Amino acid sequence: MKMLKNLIVLIFFCFASNMSFAGSCPVLIQKIDQILSESKQISKEQFTEIKQLRDQGEKAHNSGEHKESEDLLNQALKLLGS
């Protein structure tokens, strides 16, 4: 019985961790979009690179690859200095 309880807890934490990744992707995308729309000091090359990372991150999110999405979106934010 105790083993079953431990298994249920483990499964819950696995689902909970995936849900937290899924929930943070749209927030990161929105943050990137906001900074891009407000920033006047980004070169065309930087804008293109950041937009590409943002789009790849959104695509990864939509296909369920939330860890990869978060990594790509954080790279874009890093380039933005955020």
# chains A, B, ... in the order shown; residues from 1 in each chain; ligands from 1

$ residues_around --residues "A:Ser69" --least-positions-apart "6" --cutoff "6 Å" --atoms "only C-alpha atoms" --output "PyMOL selection string"
chain A and resi 57+60-61

$ residues_around --residues "A:Gln46" --least-positions-apart "4" --cutoff "10 Å" --atoms "only C-alpha atoms" --output "short mmCIF file (atom, residue, chain, number, x, y, z; two decimals) with C-alpha atoms, in the first residue's frame"
data_model
loop_
_atom_site.label_atom_id
_atom_site.label_comp_id
_atom_site.auth_asym_id
_atom_site.auth_seq_id
_atom_site.Cartn_x
_atom_site.Cartn_y
_atom_site.Cartn_z
CA GLN A 41 18.10 50.37 -29.57
CA ILE A 42 18.11 46.88 -31.11
CA ILE A 50 15.83 37.35 -31.08
CA LYS A 51 12.69 36.96 -33.19
CA GLN A 52 14.00 33.66 -34.57
CA ALA A 76 16.21 35.49 -26.47
CA LEU A 79 20.12 38.82 -25.75
CA LEU A 80 17.62 41.50 -24.81
#

$ atom_distance --atom1 "atom CA of A:Arg54" --atom2 "atom CA of A:Leu73"
5.6 Å

$ closest_residue --among "A:Ser39, A:Lys59, A:Gln34, A:Leu53" --to "A:Lys78" --atoms "only C-alpha atoms"
A:Leu53

$ closest_residue --among "A:Glu38, A:Ile32, A:Val27, A:Ser43" --to "A:Gln75" --atoms "only C-alpha atoms"
A:Ile32

$ atom_distance --atom1 "atom CA of A:Pro26" --atom2 "atom CA of A:Lys40"
23.3 Å

$ closest_residue --among "A:Ser82, A:Cys25, A:Gln30, A:Ile35" --to "A:Ser63" --atoms "only C-alpha atoms"
A:Cys25
